[in-house]
file final_23.cif (mmCIF, C-alpha atoms)
data_data
#
loop_
_atom_site.group_PDB
_atom_site.id
_atom_site.type_symbol
_atom_site.label_atom_id
_atom_site.label_comp_id
_atom_site.auth_asym_id
_atom_site.auth_seq_id
_atom_site.Cartn_x
_atom_site.Cartn_y
_atom_site.Cartn_z
ATOM 1 C CA MET A 210 -172.382 43.098 4.954
ATOM 2 C CA ILE A 211 -171.744 46.436 6.654
ATOM 3 C CA ARG A 212 -173.536 46.476 10.004
ATOM 4 C CA ILE A 213 -174.551 49.879 11.354
ATOM 5 C CA GLY A 214 -175.619 50.121 14.995
ATOM 6 C CA GLU A 215 -178.954 51.886 15.382
ATOM 7 C CA LYS A 216 -179.043 52.567 19.118
ATOM 8 C CA LEU A 217 -177.561 56.098 19.278
ATOM 9 C CA ASN A 218 -180.743 57.588 17.870
ATOM 10 C CA SER A 219 -182.798 60.216 19.668
ATOM 11 C CA SER A 220 -186.013 58.714 18.272
ATOM 12 C CA ILE A 221 -185.500 55.885 20.799
ATOM 13 C CA PRO A 222 -186.977 57.222 24.073
ATOM 14 C CA ALA A 223 -184.310 55.687 26.331
ATOM 15 C CA THR A 224 -181.533 57.080 24.139
ATOM 16 C CA GLN A 225 -183.134 60.511 23.982
ATOM 17 C CA LYS A 226 -183.207 60.597 27.778
ATOM 18 C CA MET A 227 -179.482 59.693 27.921
ATOM 19 C CA LEU A 228 -178.640 62.398 25.410
ATOM 20 C CA GLU A 229 -180.688 65.149 27.016
ATOM 21 C CA SER A 230 -179.292 64.383 30.472
ATOM 22 C CA ARG A 231 -175.727 64.066 29.116
ATOM 23 C CA ASP A 232 -175.418 60.664 30.760
ATOM 24 C CA GLN A 233 -171.895 59.961 29.534
ATOM 25 C CA GLU A 234 -171.569 56.607 31.289
ATOM 26 C CA ALA A 235 -174.752 55.274 29.669
ATOM 27 C CA VAL A 236 -173.855 56.602 26.208
ATOM 28 C CA VAL A 237 -170.347 55.135 26.374
ATOM 29 C CA ALA A 238 -171.818 51.794 27.463
ATOM 30 C CA LEU A 239 -174.142 51.879 24.441
ATOM 31 C CA ILE A 240 -171.232 52.691 22.143
ATOM 32 C CA GLU A 241 -169.074 49.890 23.523
ATOM 33 C CA LYS A 242 -171.903 47.347 23.509
ATOM 34 C CA GLN A 243 -172.564 47.950 19.812
ATOM 35 C CA ALA A 244 -168.863 47.897 18.949
ATOM 36 C CA GLN A 245 -168.375 44.608 20.798
ATOM 37 C CA ALA A 246 -171.383 43.135 18.974
ATOM 38 C CA GLY A 247 -169.699 43.730 15.618
ATOM 39 C CA ALA A 248 -170.934 47.126 14.458
ATOM 40 C CA ASP A 249 -168.882 48.517 11.588
ATOM 41 C CA TYR A 250 -170.468 51.973 11.934
ATOM 42 C CA LEU A 251 -172.532 53.726 14.587
ATOM 43 C CA ASP A 252 -175.534 55.725 13.417
ATOM 44 C CA ILE A 253 -175.758 58.959 15.434
ATOM 45 C CA ASN A 254 -179.018 60.924 15.301
ATOM 46 C CA THR A 255 -179.674 63.784 17.726
ATOM 47 C CA ALA A 256 -182.470 65.471 15.770
ATOM 48 C CA LEU A 257 -184.969 65.297 18.648
ATOM 49 C CA CYS A 258 -182.620 67.238 20.911
ATOM 50 C CA GLY A 259 -184.064 70.445 19.446
ATOM 51 C CA ASP A 260 -181.809 73.480 19.412
ATOM 52 C CA LYS A 261 -179.042 71.374 20.959
ATOM 53 C CA GLU A 262 -178.927 68.931 18.040
ATOM 54 C CA LEU A 263 -175.486 70.016 16.808
ATOM 55 C CA GLU A 264 -173.972 70.316 20.282
ATOM 56 C CA THR A 265 -175.243 66.868 21.189
ATOM 57 C CA MET A 266 -174.170 65.364 17.868
ATOM 58 C CA LEU A 267 -170.596 66.571 18.369
ATOM 59 C CA TRP A 268 -170.571 65.304 21.968
ATOM 60 C CA VAL A 269 -171.721 61.810 20.986
ATOM 61 C CA MET A 270 -169.341 61.697 18.016
ATOM 62 C CA ASP A 271 -166.427 62.542 20.291
ATOM 63 C CA LEU A 272 -167.407 59.725 22.666
ATOM 64 C CA ALA A 273 -167.849 57.276 19.774
ATOM 65 C CA ILE A 274 -164.412 58.111 18.374
ATOM 66 C CA GLY A 275 -162.824 57.879 21.814
ATOM 67 C CA HIS A 276 -164.446 54.604 22.863
ATOM 68 C CA SER A 277 -164.646 52.538 19.669
ATOM 69 C CA ASP A 278 -162.995 51.905 16.322
ATOM 70 C CA CYS A 279 -166.339 52.082 14.519
ATOM 71 C CA GLY A 280 -167.024 54.370 11.617
ATOM 72 C CA ILE A 281 -169.551 57.162 12.081
ATOM 73 C CA MET A 282 -172.872 57.610 10.307
ATOM 74 C CA ILE A 283 -174.040 61.206 10.644
ATOM 75 C CA ASP A 284 -177.831 61.009 10.575
ATOM 76 C CA SER A 285 -179.554 64.391 10.475
ATOM 77 C CA PRO A 286 -182.244 66.280 8.546
ATOM 78 C CA SER A 287 -180.186 69.471 8.967
ATOM 79 C CA THR A 288 -177.646 70.468 6.335
ATOM 80 C CA ALA A 289 -175.911 72.749 8.841
ATOM 81 C CA VAL A 290 -175.516 69.932 11.380
ATOM 82 C CA ILE A 291 -174.183 67.557 8.724
ATOM 83 C CA LYS A 292 -171.580 70.101 7.596
ATOM 84 C CA GLU A 293 -170.324 70.796 11.119
ATOM 85 C CA ALA A 294 -170.291 67.107 12.038
ATOM 86 C CA MET A 295 -168.364 66.160 8.893
ATOM 87 C CA ALA A 296 -165.702 68.713 9.754
ATOM 88 C CA ALA A 297 -165.365 67.231 13.258
ATOM 89 C CA CYS A 298 -165.160 63.589 12.191
ATOM 90 C CA LYS A 299 -161.339 63.589 12.008
ATOM 91 C CA ASP A 300 -159.989 60.580 10.112
ATOM 92 C CA ARG A 301 -162.790 58.195 11.078
ATOM 93 C CA LYS A 302 -164.690 56.340 8.336
ATOM 94 C CA LEU A 303 -167.826 58.311 7.560
ATOM 95 C CA ILE A 304 -171.247 57.885 5.958
ATOM 96 C CA VAL A 305 -173.708 60.778 5.716
ATOM 97 C CA ASN A 306 -177.416 59.996 6.061
ATOM 98 C CA SER A 307 -178.996 61.334 3.879
ATOM 99 C CA VAL A 308 -179.807 63.218 0.670
ATOM 100 C CA THR A 309 -182.643 62.871 -1.825
ATOM 101 C CA ILE A 310 -182.917 63.703 -5.513
ATOM 102 C CA THR A 311 -184.062 67.195 -4.570
ATOM 103 C CA ASP A 312 -183.201 67.822 -0.896
ATOM 104 C CA ARG A 313 -179.766 68.707 0.546
ATOM 105 C CA ILE A 314 -177.939 67.207 -2.417
ATOM 106 C CA GLU A 315 -176.582 70.505 -3.765
ATOM 107 C CA GLU A 316 -175.113 71.450 -0.387
ATOM 108 C CA ILE A 317 -173.889 68.033 0.735
ATOM 109 C CA ALA A 318 -172.724 66.307 -2.462
ATOM 110 C CA PRO A 319 -169.644 68.524 -3.008
ATOM 111 C CA LEU A 320 -168.505 67.775 0.571
ATOM 112 C CA ILE A 321 -168.985 64.048 -0.025
ATOM 113 C CA ALA A 322 -166.979 64.195 -3.240
ATOM 114 C CA ALA A 323 -164.144 66.084 -1.542
ATOM 115 C CA SER A 324 -163.989 63.902 1.565
ATOM 116 C CA GLY A 325 -164.490 60.469 0.025
ATOM 117 C CA ALA A 326 -167.210 59.702 2.586
ATOM 118 C CA GLY A 327 -170.181 57.492 1.854
ATOM 119 C CA VAL A 328 -173.613 58.983 1.376
ATOM 120 C CA VAL A 329 -177.079 57.490 1.813
ATOM 121 C CA GLY A 330 -179.395 58.467 -1.012
ATOM 122 C CA MET A 331 -183.161 58.257 -0.701
ATOM 123 C CA PRO A 332 -184.735 57.632 -4.142
ATOM 124 C CA VAL A 333 -187.570 60.097 -3.609
ATOM 125 C CA GLY A 334 -188.295 63.386 -5.298
ATOM 126 C CA GLY A 335 -188.283 61.961 -8.808
ATOM 127 C CA ASP A 336 -191.293 61.222 -10.986
ATOM 128 C CA GLY A 337 -191.104 57.428 -10.687
ATOM 129 C CA GLU A 338 -193.991 55.699 -8.958
ATOM 130 C CA ARG A 339 -192.581 54.495 -5.623
ATOM 131 C CA GLY A 340 -195.080 51.629 -5.394
ATOM 132 C CA THR A 341 -193.591 49.751 -8.365
ATOM 133 C CA LEU A 342 -190.147 48.283 -8.981
ATOM 134 C CA GLU A 343 -189.666 50.182 -12.232
ATOM 135 C CA GLY A 344 -190.782 53.403 -10.588
ATOM 136 C CA ARG A 345 -188.256 52.964 -7.813
ATOM 137 C CA MET A 346 -185.495 52.057 -10.248
ATOM 138 C CA HIS A 347 -186.335 55.162 -12.298
ATOM 139 C CA ASN A 348 -185.854 57.321 -9.208
ATOM 140 C CA ILE A 349 -182.676 55.447 -8.277
ATOM 141 C CA ALA A 350 -181.263 56.169 -11.742
ATOM 142 C CA LEU A 351 -181.983 59.874 -11.299
ATOM 143 C CA LEU A 352 -180.374 59.843 -7.857
ATOM 144 C CA VAL A 353 -177.251 57.964 -8.920
ATOM 145 C CA GLU A 354 -176.676 60.100 -12.003
ATOM 146 C CA LYS A 355 -177.059 63.279 -9.969
ATOM 147 C CA LEU A 356 -174.550 62.104 -7.365
ATOM 148 C CA ARG A 357 -172.159 61.027 -10.101
ATOM 149 C CA SER A 358 -172.404 64.506 -11.614
ATOM 150 C CA TYR A 359 -170.728 65.891 -8.479
ATOM 151 C CA GLY A 360 -167.806 63.487 -8.850
ATOM 152 C CA ILE A 361 -169.056 60.967 -6.285
ATOM 153 C CA ARG A 362 -167.932 57.432 -7.106
ATOM 154 C CA ASP A 363 -170.433 54.581 -7.263
ATOM 155 C CA GLU A 364 -168.821 52.782 -4.319
ATOM 156 C CA GLN A 365 -169.519 55.845 -2.119
ATOM 157 C CA ILE A 366 -173.262 55.698 -2.801
ATOM 158 C CA TYR A 367 -175.639 53.807 -0.496
ATOM 159 C CA VAL A 368 -179.122 53.653 -2.007
ATOM 160 C CA ASP A 369 -181.869 53.229 0.568
ATOM 161 C CA ILE A 370 -184.081 50.381 -0.647
ATOM 162 C CA MET A 371 -186.907 51.882 1.458
ATOM 163 C CA MET A 372 -187.769 48.977 3.727
ATOM 164 C CA GLU A 373 -191.093 50.223 5.081
ATOM 165 C CA ALA A 374 -193.524 48.935 7.686
ATOM 166 C CA ALA A 375 -195.257 45.701 6.707
ATOM 167 C CA ALA A 376 -198.093 46.606 9.087
ATOM 168 C CA PHE A 377 -199.096 49.494 6.824
ATOM 169 C CA ASP A 378 -198.250 48.007 3.416
ATOM 170 C CA SER A 379 -197.854 44.239 3.304
ATOM 171 C CA GLU A 380 -196.272 44.334 -0.173
ATOM 172 C CA SER A 381 -193.635 46.953 0.649
ATOM 173 C CA PRO A 382 -190.962 44.667 2.192
ATOM 174 C CA ALA A 383 -190.940 42.348 -0.827
ATOM 175 C CA LEU A 384 -190.687 45.342 -3.159
ATOM 176 C CA ALA A 385 -187.725 46.700 -1.211
ATOM 177 C CA LEU A 386 -185.982 43.322 -1.389
ATOM 178 C CA HIS A 387 -186.480 43.140 -5.173
ATOM 179 C CA VAL A 388 -184.661 46.478 -5.449
ATOM 180 C CA ILE A 389 -181.433 44.851 -4.159
ATOM 181 C CA GLY A 390 -180.974 42.583 -7.162
ATOM 182 C CA GLU A 391 -181.993 45.230 -9.687
ATOM 183 C CA LEU A 392 -179.574 47.698 -8.130
ATOM 184 C CA LYS A 393 -176.696 45.243 -8.526
ATOM 185 C CA LYS A 394 -177.642 44.414 -12.122
ATOM 186 C CA ARG A 395 -178.006 48.010 -13.247
ATOM 187 C CA PHE A 396 -175.483 49.921 -11.147
ATOM 188 C CA GLY A 397 -172.719 47.488 -10.181
ATOM 189 C CA LYS A 398 -170.737 49.031 -7.327
ATOM 190 C CA VAL A 399 -173.549 51.191 -5.926
ATOM 191 C CA LYS A 400 -174.453 49.803 -2.496
ATOM 192 C CA SER A 401 -177.847 48.972 -1.008
ATOM 193 C CA ILE A 402 -178.843 49.924 2.526
ATOM 194 C CA CYS A 403 -181.956 49.778 4.694
ATOM 195 C CA GLY A 404 -183.215 50.734 8.105
ATOM 196 C CA LEU A 405 -184.015 47.175 9.148
ATOM 197 C CA SER A 406 -186.251 47.916 12.139
ATOM 198 C CA ASN A 407 -188.650 49.933 9.968
ATOM 199 C CA VAL A 408 -190.124 46.710 8.575
ATOM 200 C CA SER A 409 -191.544 45.590 11.931
ATOM 201 C CA PHE A 410 -192.918 48.915 13.143
ATOM 202 C CA GLY A 411 -196.382 48.509 14.659
ATOM 203 C CA LEU A 412 -196.158 44.721 14.951
ATOM 204 C CA PRO A 413 -195.725 42.435 17.984
ATOM 205 C CA GLY A 414 -192.618 40.250 18.182
ATOM 206 C CA ARG A 415 -190.683 42.747 16.113
ATOM 207 C CA VAL A 416 -187.394 40.866 16.167
ATOM 208 C CA ASN A 417 -188.996 37.957 14.273
ATOM 209 C CA ILE A 418 -189.933 40.216 11.366
ATOM 210 C CA ASN A 419 -186.559 41.948 11.471
ATOM 211 C CA ILE A 420 -184.581 38.723 11.199
ATOM 212 C CA ALA A 421 -186.789 37.400 8.393
ATOM 213 C CA ALA A 422 -186.132 40.572 6.388
ATOM 214 C CA LEU A 423 -182.437 40.485 7.260
ATOM 215 C CA SER A 424 -182.054 36.844 6.202
ATOM 216 C CA ALA A 425 -183.748 37.492 2.870
ATOM 217 C CA GLY A 426 -181.704 40.648 2.357
ATOM 218 C CA VAL A 427 -178.369 38.924 3.048
ATOM 219 C CA PHE A 428 -179.181 36.137 0.594
ATOM 220 C CA LEU A 429 -180.112 38.679 -2.092
ATOM 221 C CA GLY A 430 -176.911 40.666 -1.552
ATOM 222 C CA LEU A 431 -177.913 43.515 0.766
ATOM 223 C CA ASP A 432 -174.740 45.533 1.324
ATOM 224 C CA SER A 433 -175.550 47.278 4.591
ATOM 225 C CA ALA A 434 -178.233 47.717 7.228
ATOM 226 C CA ILE A 435 -178.923 50.027 10.137
ATOM 227 C CA MET A 436 -180.003 47.556 12.782
ATOM 228 C CA ASP A 437 -179.873 46.403 16.388
ATOM 229 C CA VAL A 438 -176.514 44.664 16.327
ATOM 230 C CA THR A 439 -176.805 43.966 20.075
ATOM 231 C CA SER A 440 -179.764 41.596 19.660
ATOM 232 C CA PRO A 441 -178.536 37.982 20.026
ATOM 233 C CA LYS A 442 -181.344 36.738 17.769
ATOM 234 C CA THR A 443 -180.471 39.270 15.082
ATOM 235 C CA ARG A 444 -176.768 38.483 15.248
ATOM 236 C CA LEU A 445 -177.368 34.739 15.012
ATOM 237 C CA ALA A 446 -179.780 35.221 12.106
ATOM 238 C CA PHE A 447 -177.213 37.328 10.280
ATOM 239 C CA LEU A 448 -174.482 34.714 10.743
ATOM 240 C CA ALA A 449 -176.795 31.891 9.677
ATOM 241 C CA ALA A 450 -177.889 33.859 6.617
ATOM 242 C CA ASP A 451 -174.237 34.420 5.692
ATOM 243 C CA VAL A 452 -173.742 30.631 5.776
ATOM 244 C CA VAL A 453 -176.708 29.986 3.470
ATOM 245 C CA ALA A 454 -175.648 32.807 1.118
ATOM 246 C CA GLY A 455 -172.142 31.330 0.837
ATOM 247 C CA ASN A 456 -170.465 34.324 2.468
ATOM 248 C CA ASP A 457 -168.950 32.455 5.448
ATOM 249 C CA GLU A 458 -166.119 30.218 4.242
ATOM 250 C CA TYR A 459 -166.308 26.812 5.940
ATOM 251 C CA CYS A 460 -168.974 28.374 8.232
ATOM 252 C CA MET A 461 -166.199 29.556 10.552
ATOM 253 C CA GLU A 462 -167.854 32.802 11.712
ATOM 254 C CA TYR A 463 -171.052 30.934 12.569
ATOM 255 C CA ILE A 464 -169.216 28.121 14.397
ATOM 256 C CA SER A 465 -167.003 30.561 16.311
ATOM 257 C CA TYR A 466 -169.988 32.567 17.497
ATOM 258 C CA LEU A 467 -171.807 29.478 18.792
ATOM 259 C CA ARG A 468 -168.669 28.312 20.595
ATOM 260 C CA GLU A 469 -168.366 31.733 22.257
ATOM 261 C CA GLN A 470 -171.924 31.401 23.566
ATOM 262 C CA GLU A 471 -171.124 28.031 25.134
ATOM 263 C CA GLU A 472 -168.152 29.349 27.109
#
call {"tool": "encode", "arguments": {"input": "final_23.cif", "output": "structure tokens"}}
result
Amino acid sequence: MIRIGEKLNSSIPATQKMLESRDQEAVVALIEKQAQAGADYLDINTALCGDKELETMLWVMDLAIGHSDCGIMIDSPSTAVIKEAMAACKDRKLIVNSVTITDRIEEIAPLIAASGAGVVGMPVGGDGERGTLEGRMHNIALLVEKLRSYGIRDEQIYVDIMMEAAAFDSESPALALHVIGELKKRFGKVKSICGLSNVSFGLPGRVNINIAALSAGVFLGLDSAIMDVTSPKTRLAFLAADVVAGNDEYCMEYISYLREQEE
């Protein structure tokens, strides 16, 4: 599974403070900590930096490229910021977060097709009822076909399964997990992704909910997640889930990690 570090996000108060104060030492430490914990990509979101969103995005990207080998996830609601950030990403692996069936897709999809980057697609904006599996799959079909129409390959597409807060809708996490299997059956190489921490929003002991959702997702074939890769509990749960799902040959990754902790 592709692990995407969530910590470089301005919606996290401590991170926002680092970004606004240009605390390079703290930001670099956060980059390196996530890279060392096994992040494949680093999600970078500077949307709450106001009129300095683009400037801050480019600054953090430069630090991430200079201090890690991780790919970059550009996470912004602004088409202009996404375009500028894509141009500055050099040769680093790239995922753009995000487009919907109706928003930003016309501006961003041609750039995705030309660059070969990945793109997160939110299956909203269609006429499918989001509270049912068939409704979500209807919207996913619209989204995938629209992205394909721009020449984007299936393996570039990351469909957000919309893992939402259990505290507000107790049925939503199970619905999101059911999307994983249906996505694989109907669309083959199209990838699934979720913002893992969303599921526990508003609840105490959030990490317990996060690792339960992660374990279920890994077993069902979740392809990628934006998550706290630095959490020891989350990392151990991911490795254990990989064992149960048959993804860790001879359980070597799990055994190696436990041995590292004993040293």
call {"tool": "closest_residue", "arguments": {"input": "final_23.cif", "among": "A:Gly344, A:Val236, A:Ile349, A:Tyr250", "to": "Met436 of chain A", "atoms": "all atoms listed in the file"}}
result
A:Tyr250
call {"tool": "resolve_selection", "arguments": {"input": "final_23.cif", "expression": "the PyMOL selection byres ((chain A and resi 370) around 12)", "output": "MDAnalysis selection string"}}
result
chainID A and resid 329:333 339 342 345:346 348:349 367:369 371:373 381:393 399:405 407:408 426 431:435
call {"tool": "resolve_selection", "arguments": {"input": "final_23.cif", "expression": "the PyMOL selection byres ((chain A and resi 217) around 12)", "output": "PyMOL selection string"}}
result
chain A and resi 213-216+218-228+235-244+250-257+265-266+268-270+272-273+281-284+435-438
call {"tool": "residues_near_point", "arguments": {"input": "final_23.cif", "point": "(-171.9, 66.9, -11.2)", "cutoff": "10 Å", "atoms": "only C-alpha atoms", "output": "PyMOL selection string"}}
result
chain A and resi 315+318-319+322+354-361
call {"tool": "closest_residue", "arguments": {"input": "final_23.cif", "among": "A:Phe428, A:Gly340, A:Asp271, A:Thr288", "to": "Glu380 of chain A", "atoms": "all atoms listed in the file"}}
result
A:Gly340
call {"tool": "residues_around", "arguments": {"input": "final_23.cif", "residues": "Leu412 of chain A", "least_positions_apart": "4", "cutoff": "10 Å", "atoms": "only C-alpha atoms", "output": "list in words"}}
result
Ala374, Ala375, Ala376, Phe377, Val408, Val416, Asn417 and Ile418 of chain A
call {"tool": "atom_distance", "arguments": {"input": "final_23.cif", "atom1": "atom CA of Ala248 of chain A", "atom2": "atom CA of Arg212 of chain A"}}
result
5.2 Å
call {"tool": "axis_aligned_box", "arguments": {"input": "final_23.cif", "around": "segment 315-326 of chain A", "padding_each_side": "4 Å", "output": "AutoDock Vina command-line options"}}
result
--center_x -170.3 --center_y 65.6 --center_z -0.6 --size_x 20.6 --size_y 19.7 --size_z 14.4
call {"tool": "atom_distance", "arguments": {"input": "final_23.cif", "atom1": "atom CA of Asp249 of chain A", "atom2": "atom CA of Lys302 of chain A"}}
result
9.5 Å
call {"tool": "closest_residue", "arguments": {"input": "final_23.cif", "among": "A:Ser230, A:Thr311, A:Ser379, A:Ser424", "to": "Lys261 of chain A", "atoms": "only C-alpha atoms"}}
result
A:Ser230
call {"tool": "closest_residue", "arguments": {"input": "final_23.cif", "among": "A:Arg231, A:Gly335, A:Ala297, A:Asp451", "to": "Thr309 of chain A", "atoms": "all atoms listed in the file"}}
result
A:Gly335
call {"tool": "atom_distance", "arguments": {"input": "final_23.cif", "atom1": "atom CA of Gly327 of chain A", "atom2": "atom CA of Val305 of chain A"}}
result
6.2 Å
call {"tool": "residues_around", "arguments": {"input": "final_23.cif", "residues": "Glu469 of chain A", "least_positions_apart": "6", "cutoff": "12 Å", "atoms": "all atoms listed in the file", "output": "MDAnalysis selection string"}}
result
chainID A and resid 445 462:463
call {"tool": "closest_residue", "arguments": {"input": "final_23.cif", "among": "A:Gly430, A:Ala296, A:Leu448, A:Gly334", "to": "Leu267 of chain A", "atoms": "only C-alpha atoms"}}
result
A:Ala296
